[in-house]
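*Asks:* One structure follows; several queries about it will come next.
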Number of protein chains: 2
Amino acid sequence: MELVEKALGFIVEIEKLKDVQRKTRPVGLERYENSAEHSWHVCLAALALKEFADVEIDIQKVIMMLLIHDLGEIDAGDTIIYESETRENKEKEAAGVKRVLEMLPKDQADEYVALWFEFEEGESAESIFARAVDRIPPLLHNLHGDGHSWRENNVSKEMVLSLNSRIADGSNEVWDTLKNQLHEAVETGILK
Amino acid sequence: MELVEKALGFIVEIEKLKDVQRKTRPVGLERYENSAEHSWHVCLAALALKEFADVEIDIQKVIMMLLIHDLGEIDAGDTIIYESETRENKEKEAAGVKRVLEMLPKDQADEYVALWFEFEEGESAESIFARAVDRIPPLLHNLHGDGHSWRENNVSKEMVLSLNSRIADGSNEVWDTLKNQLHEAVETGILK
């Protein structure tokens, strides 16, 4: 019963991710997105795009990574990809992930912390694909939302095209499609 | 490229779940929860509680179910468990799930629609556990949030104890722990 109570404590603790505000607004909504709903969204995005991965991936592992990838933001907050993250912030995020996951029994905590570091390192096929997928919703939010977050954060077309080209590491086909949409956005003046 | 565009269309469409309001407030937040962040939350809740499942379960399948379990609410909205769902609403939800999932390629759509029906029927070990987990966050929101949603929706202790006893079908140990906490809530007057 004590172990169940601890697990319930974990479930309450991670709820704080619902209060971490990101820098884009979901399509059709006035408010900004939070990191909890984003985490759900990228899991389904990964499922929708898995057939386009350039190499074979274990999609269940990708989903596990994406479910936990932002837990460190409970302590560290969200950083937009166009701002370089300080080493201090990265360390805060890693410590935060550990703090939260270590509320679970040791074997589970160890497994998920290792998975988070694998995601962060971005070297395995699954982490490369997961990191590519993680970049996609903010692009769609801007493409379908008059480039609001690019404008608000002074993000240029050069920055968007260069920093998101990492999507091609996960799927060339997905990046080609998005690149086309981004070039259209440049033509219509949404992306400057 | 056309298939990628369709997948991106799906990713944008499901975002509407971020705008479906539920009946409880996350712990510590003033606003109500939405069904997208709830979907993420129950996935991690399932991971945290999987060791307490009464029978062997395929946790990846549970997570897949929980990721998609509320997609029908995009068209049908959320219904609190203490209100009996009309047949009309259930049909609307099923049609909504199909409409959304059929934006994906046929084999994927068929697989996920079947998984949604398996969840709804609640007969397989995975669906029993997933449905048990789905009940837990609203209890925690009330237990840690002065019973706000019970009060707002005129939900009695008899209703809470009887309608949530289904959690025991997934895990007796989890239900025993929660039942203790609910009895304490009755003693402190949070649950009447």
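By order of appearance in the structure tokens: chains A, B, ..., then residues from 1 within every chain, and ligands from 1 in the order shown.
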Could the residues of chain A within 7 Å of chain B, counting only C-alpha atoms, be given as a list in words, please?
*Replies:*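 Selected residues: Met1, Val4, Ala7, Ile11, Val12, Glu15, Lys18, Pro26, Val27, Ala36, Glu37, Ser39, Trp40, Ala45, Ala48, Leu49, Gln60, Leu104, Glu173, Val174 and Thr177 of chain A.
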*Asks:* For the residues in that selection, give me all heavy atoms as a compact mmCIF listing (two decimals), in the first residue's frame.
*Replies:*
```txt
# COMPACT_ATOMS: atom_id res chain seq x y z
N MET A 1 0.83 -1.22 0.00
CA MET A 1 0.00 0.00 0.00
C MET A 1 0.86 1.26 0.00
O MET A 1 0.55 2.25 -0.67
CB MET A 1 -0.93 0.00 1.21
CG MET A 1 -2.02 1.05 1.07
SD MET A 1 -3.48 0.75 2.07
CE MET A 1 -4.28 -0.59 1.25
N VAL A 4 1.95 1.89 -3.50
CA VAL A 4 0.87 2.51 -4.29
C VAL A 4 0.77 3.99 -3.96
O VAL A 4 0.65 4.83 -4.86
CB VAL A 4 -0.49 1.81 -4.04
CG1 VAL A 4 -1.61 2.55 -4.76
CG2 VAL A 4 -0.45 0.36 -4.49
N ALA A 7 3.39 5.82 -5.80
CA ALA A 7 3.04 5.94 -7.23
C ALA A 7 1.99 7.03 -7.43
O ALA A 7 2.07 7.83 -8.37
CB ALA A 7 2.55 4.61 -7.77
N ILE A 11 2.10 10.52 -9.64
CA ILE A 11 1.05 10.94 -10.58
C ILE A 11 0.61 12.38 -10.30
O ILE A 11 0.37 13.16 -11.22
CB ILE A 11 -0.15 9.95 -10.52
CG1 ILE A 11 0.30 8.57 -11.04
CG2 ILE A 11 -1.34 10.45 -11.32
CD1 ILE A 11 -0.69 7.44 -10.78
N VAL A 12 0.53 12.73 -9.03
CA VAL A 12 0.17 14.11 -8.67
C VAL A 12 1.31 15.07 -9.01
O VAL A 12 1.10 16.15 -9.57
CB VAL A 12 -0.21 14.21 -7.16
CG1 VAL A 12 -0.34 15.67 -6.73
CG2 VAL A 12 -1.52 13.47 -6.90
N GLU A 15 1.82 16.18 -12.66
CA GLU A 15 0.75 17.05 -13.15
C GLU A 15 1.22 18.49 -13.31
O GLU A 15 0.62 19.26 -14.06
CB GLU A 15 -0.40 16.96 -12.14
CG GLU A 15 -1.65 17.59 -12.63
CD GLU A 15 -2.86 16.90 -12.04
OE1 GLU A 15 -3.03 16.93 -10.82
OE2 GLU A 15 -3.62 16.32 -12.81
N LYS A 18 1.48 20.32 -16.62
CA LYS A 18 0.33 20.98 -17.25
C LYS A 18 0.38 22.49 -17.06
O LYS A 18 -0.38 23.23 -17.66
CB LYS A 18 -0.98 20.43 -16.65
CG LYS A 18 -1.19 18.95 -16.91
CD LYS A 18 -2.44 18.40 -16.22
CE LYS A 18 -2.52 16.89 -16.40
NZ LYS A 18 -3.56 16.28 -15.54
N PRO A 26 -1.66 26.32 -29.84
CA PRO A 26 -2.22 25.25 -30.68
C PRO A 26 -3.09 25.86 -31.78
O PRO A 26 -3.68 26.94 -31.57
CB PRO A 26 -3.07 24.43 -29.69
CG PRO A 26 -2.50 24.73 -28.35
CD PRO A 26 -2.04 26.15 -28.41
N VAL A 27 -3.18 25.19 -32.91
CA VAL A 27 -3.98 25.69 -34.02
C VAL A 27 -5.42 25.95 -33.55
O VAL A 27 -6.06 25.08 -32.95
CB VAL A 27 -4.00 24.67 -35.19
CG1 VAL A 27 -4.89 25.18 -36.33
CG2 VAL A 27 -2.58 24.42 -35.69
N ALA A 36 2.44 19.36 -21.10
CA ALA A 36 1.78 18.06 -20.90
C ALA A 36 0.99 17.68 -22.16
O ALA A 36 1.13 16.58 -22.69
CB ALA A 36 0.86 18.12 -19.68
N GLU A 37 0.17 18.62 -22.64
CA GLU A 37 -0.62 18.31 -23.84
C GLU A 37 0.30 18.16 -25.05
O GLU A 37 0.04 17.35 -25.95
CB GLU A 37 -1.71 19.37 -24.06
CG GLU A 37 -1.17 20.77 -24.30
CD GLU A 37 -2.23 21.86 -24.17
OE1 GLU A 37 -3.43 21.58 -24.00
OE2 GLU A 37 -1.84 23.06 -24.24
N SER A 39 3.22 16.83 -24.92
CA SER A 39 3.81 15.49 -24.82
C SER A 39 2.87 14.44 -25.41
O SER A 39 3.32 13.49 -26.06
CB SER A 39 4.12 15.16 -23.35
OG SER A 39 5.10 16.06 -22.85
N TRP A 40 1.58 14.60 -25.17
CA TRP A 40 0.61 13.70 -25.79
C TRP A 40 0.61 13.87 -27.31
O TRP A 40 0.62 12.88 -28.06
CB TRP A 40 -0.80 14.00 -25.24
CG TRP A 40 -1.90 13.38 -26.06
CD1 TRP A 40 -2.30 12.08 -26.04
CD2 TRP A 40 -2.70 14.03 -27.06
NE1 TRP A 40 -3.32 11.89 -26.96
CE2 TRP A 40 -3.58 13.07 -27.59
CE3 TRP A 40 -2.76 15.35 -27.56
CZ2 TRP A 40 -4.51 13.37 -28.60
CZ3 TRP A 40 -3.68 15.65 -28.55
CH2 TRP A 40 -4.54 14.66 -29.06
N ALA A 45 1.79 12.20 -33.00
CA ALA A 45 2.50 12.64 -34.22
C ALA A 45 3.52 11.57 -34.63
O ALA A 45 3.66 11.25 -35.83
CB ALA A 45 3.19 13.98 -33.97
N ALA A 48 1.69 8.80 -36.29
CA ALA A 48 1.20 9.18 -37.63
C ALA A 48 2.34 9.22 -38.65
O ALA A 48 2.12 9.02 -39.84
CB ALA A 48 0.52 10.55 -37.56
N LEU A 49 3.56 9.47 -38.17
CA LEU A 49 4.68 9.66 -39.10
C LEU A 49 5.66 8.48 -39.12
O LEU A 49 6.65 8.52 -39.85
CB LEU A 49 5.44 10.95 -38.72
CG LEU A 49 4.63 12.24 -38.90
CD1 LEU A 49 5.38 13.42 -38.28
CD2 LEU A 49 4.35 12.52 -40.38
N GLN A 60 7.48 1.92 -30.06
CA GLN A 60 7.10 1.93 -28.65
C GLN A 60 8.15 2.65 -27.81
O GLN A 60 7.83 3.37 -26.85
CB GLN A 60 6.91 0.50 -28.11
CG GLN A 60 5.89 -0.33 -28.90
CD GLN A 60 4.46 0.21 -28.84
OE1 GLN A 60 4.17 1.17 -28.12
NE2 GLN A 60 3.57 -0.40 -29.60
N LEU A 104 9.63 7.05 -8.45
CA LEU A 104 9.21 5.68 -8.79
C LEU A 104 10.20 4.68 -8.21
O LEU A 104 11.31 5.05 -7.83
CB LEU A 104 9.17 5.53 -10.32
CG LEU A 104 8.11 6.36 -11.06
CD1 LEU A 104 8.33 6.28 -12.58
CD2 LEU A 104 6.71 5.89 -10.70
N GLU A 173 11.68 12.59 -46.01
CA GLU A 173 10.42 12.86 -46.68
C GLU A 173 9.58 13.88 -45.90
O GLU A 173 8.98 14.79 -46.48
CB GLU A 173 9.65 11.54 -46.84
CG GLU A 173 8.64 11.56 -47.97
CD GLU A 173 7.99 10.19 -48.18
OE1 GLU A 173 8.56 9.17 -47.71
OE2 GLU A 173 6.92 10.16 -48.79
N VAL A 174 9.56 13.73 -44.59
CA VAL A 174 8.80 14.68 -43.77
C VAL A 174 9.42 16.07 -43.86
O VAL A 174 8.72 17.07 -44.03
CB VAL A 174 8.72 14.20 -42.29
CG1 VAL A 174 8.12 15.28 -41.40
CG2 VAL A 174 7.90 12.92 -42.19
N THR A 177 8.60 17.80 -47.14
CA THR A 177 7.23 18.32 -47.18
C THR A 177 7.12 19.61 -46.36
O THR A 177 6.55 20.61 -46.81
CB THR A 177 6.24 17.27 -46.61
OG1 THR A 177 6.43 16.04 -47.32
CG2 THR A 177 4.80 17.72 -46.75
```
*Asks:* Between atom CA of Glu121 of chain A and atom CA of Gly170 of chain A, what is the spacing in Å?
*Replies:* 14.2 Å
*Asks:* Give the helix (DSSP H, G or I) residues of segment 105-161 of chain A, as DSSP finds them on the backbone, and put them as JSON, numbers by chain.
*Replies:* {"A": [106, 107, 108, 109, 110, 111, 112, 113, 114, 115, 116, 117, 118, 119, 120, 121, 125, 126, 127, 128, 129, 130, 131, 132, 133, 134, 135, 136, 137, 138, 139, 140, 141, 142, 143, 148, 149, 150, 151, 152, 157, 158, 159, 160, 161]}
*Asks:* Which value, in Å to one decimal, gives the distance between atom CA of Gly72 of chain A and atom CA of Glu91 of chain A?
*Replies:*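 These two atoms are separated by 9.5 Å.
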*Asks:* Within 9 Å of Asn142 of chain B, counting only C-alpha atoms, which residues show up once you throw out same-chain ones fewer than 3 positions away? Write them as a list in words, please.
*Replies:* Thr24, Arg25, Pro26, Val27, Pro137, Pro138, Leu139, Gly145, Asp146, Gly147, His148, Ser149, Trp150, Ile190 and Leu191 of chain B
*Asks:* List the neighbours of segment 152-168 of chain B out to 10 Å using only C-alpha atoms; skip same-chain residues closer than 6 positions along the sequence, and give me the result as a PyMOL selection string.
*Replies:* chain B and resi 23-24+53-54+80-83+128-136+139+174-176+178-179+182-183+185-186+190-192
*Asks:* Which residues, written as a ChimeraX atom specification, have at least one atom at most 10 Å from Glu93 of chain A, with only C-alpha atoms counted and residues fewer than 5 positions away on the same chain left out?
*Replies:* /A:70-78,87-88,98-99
*Asks:* Just to confirm, what's the straight-line distance from atom CA of Ser124 of chain B to atom CA of Ile57 of chain B in Å (one decimal)?
*Replies:*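 So the two atoms, atom CA of Ser124 of chain B and atom CA of Ile57 of chain B, lie 9.3 Å apart.
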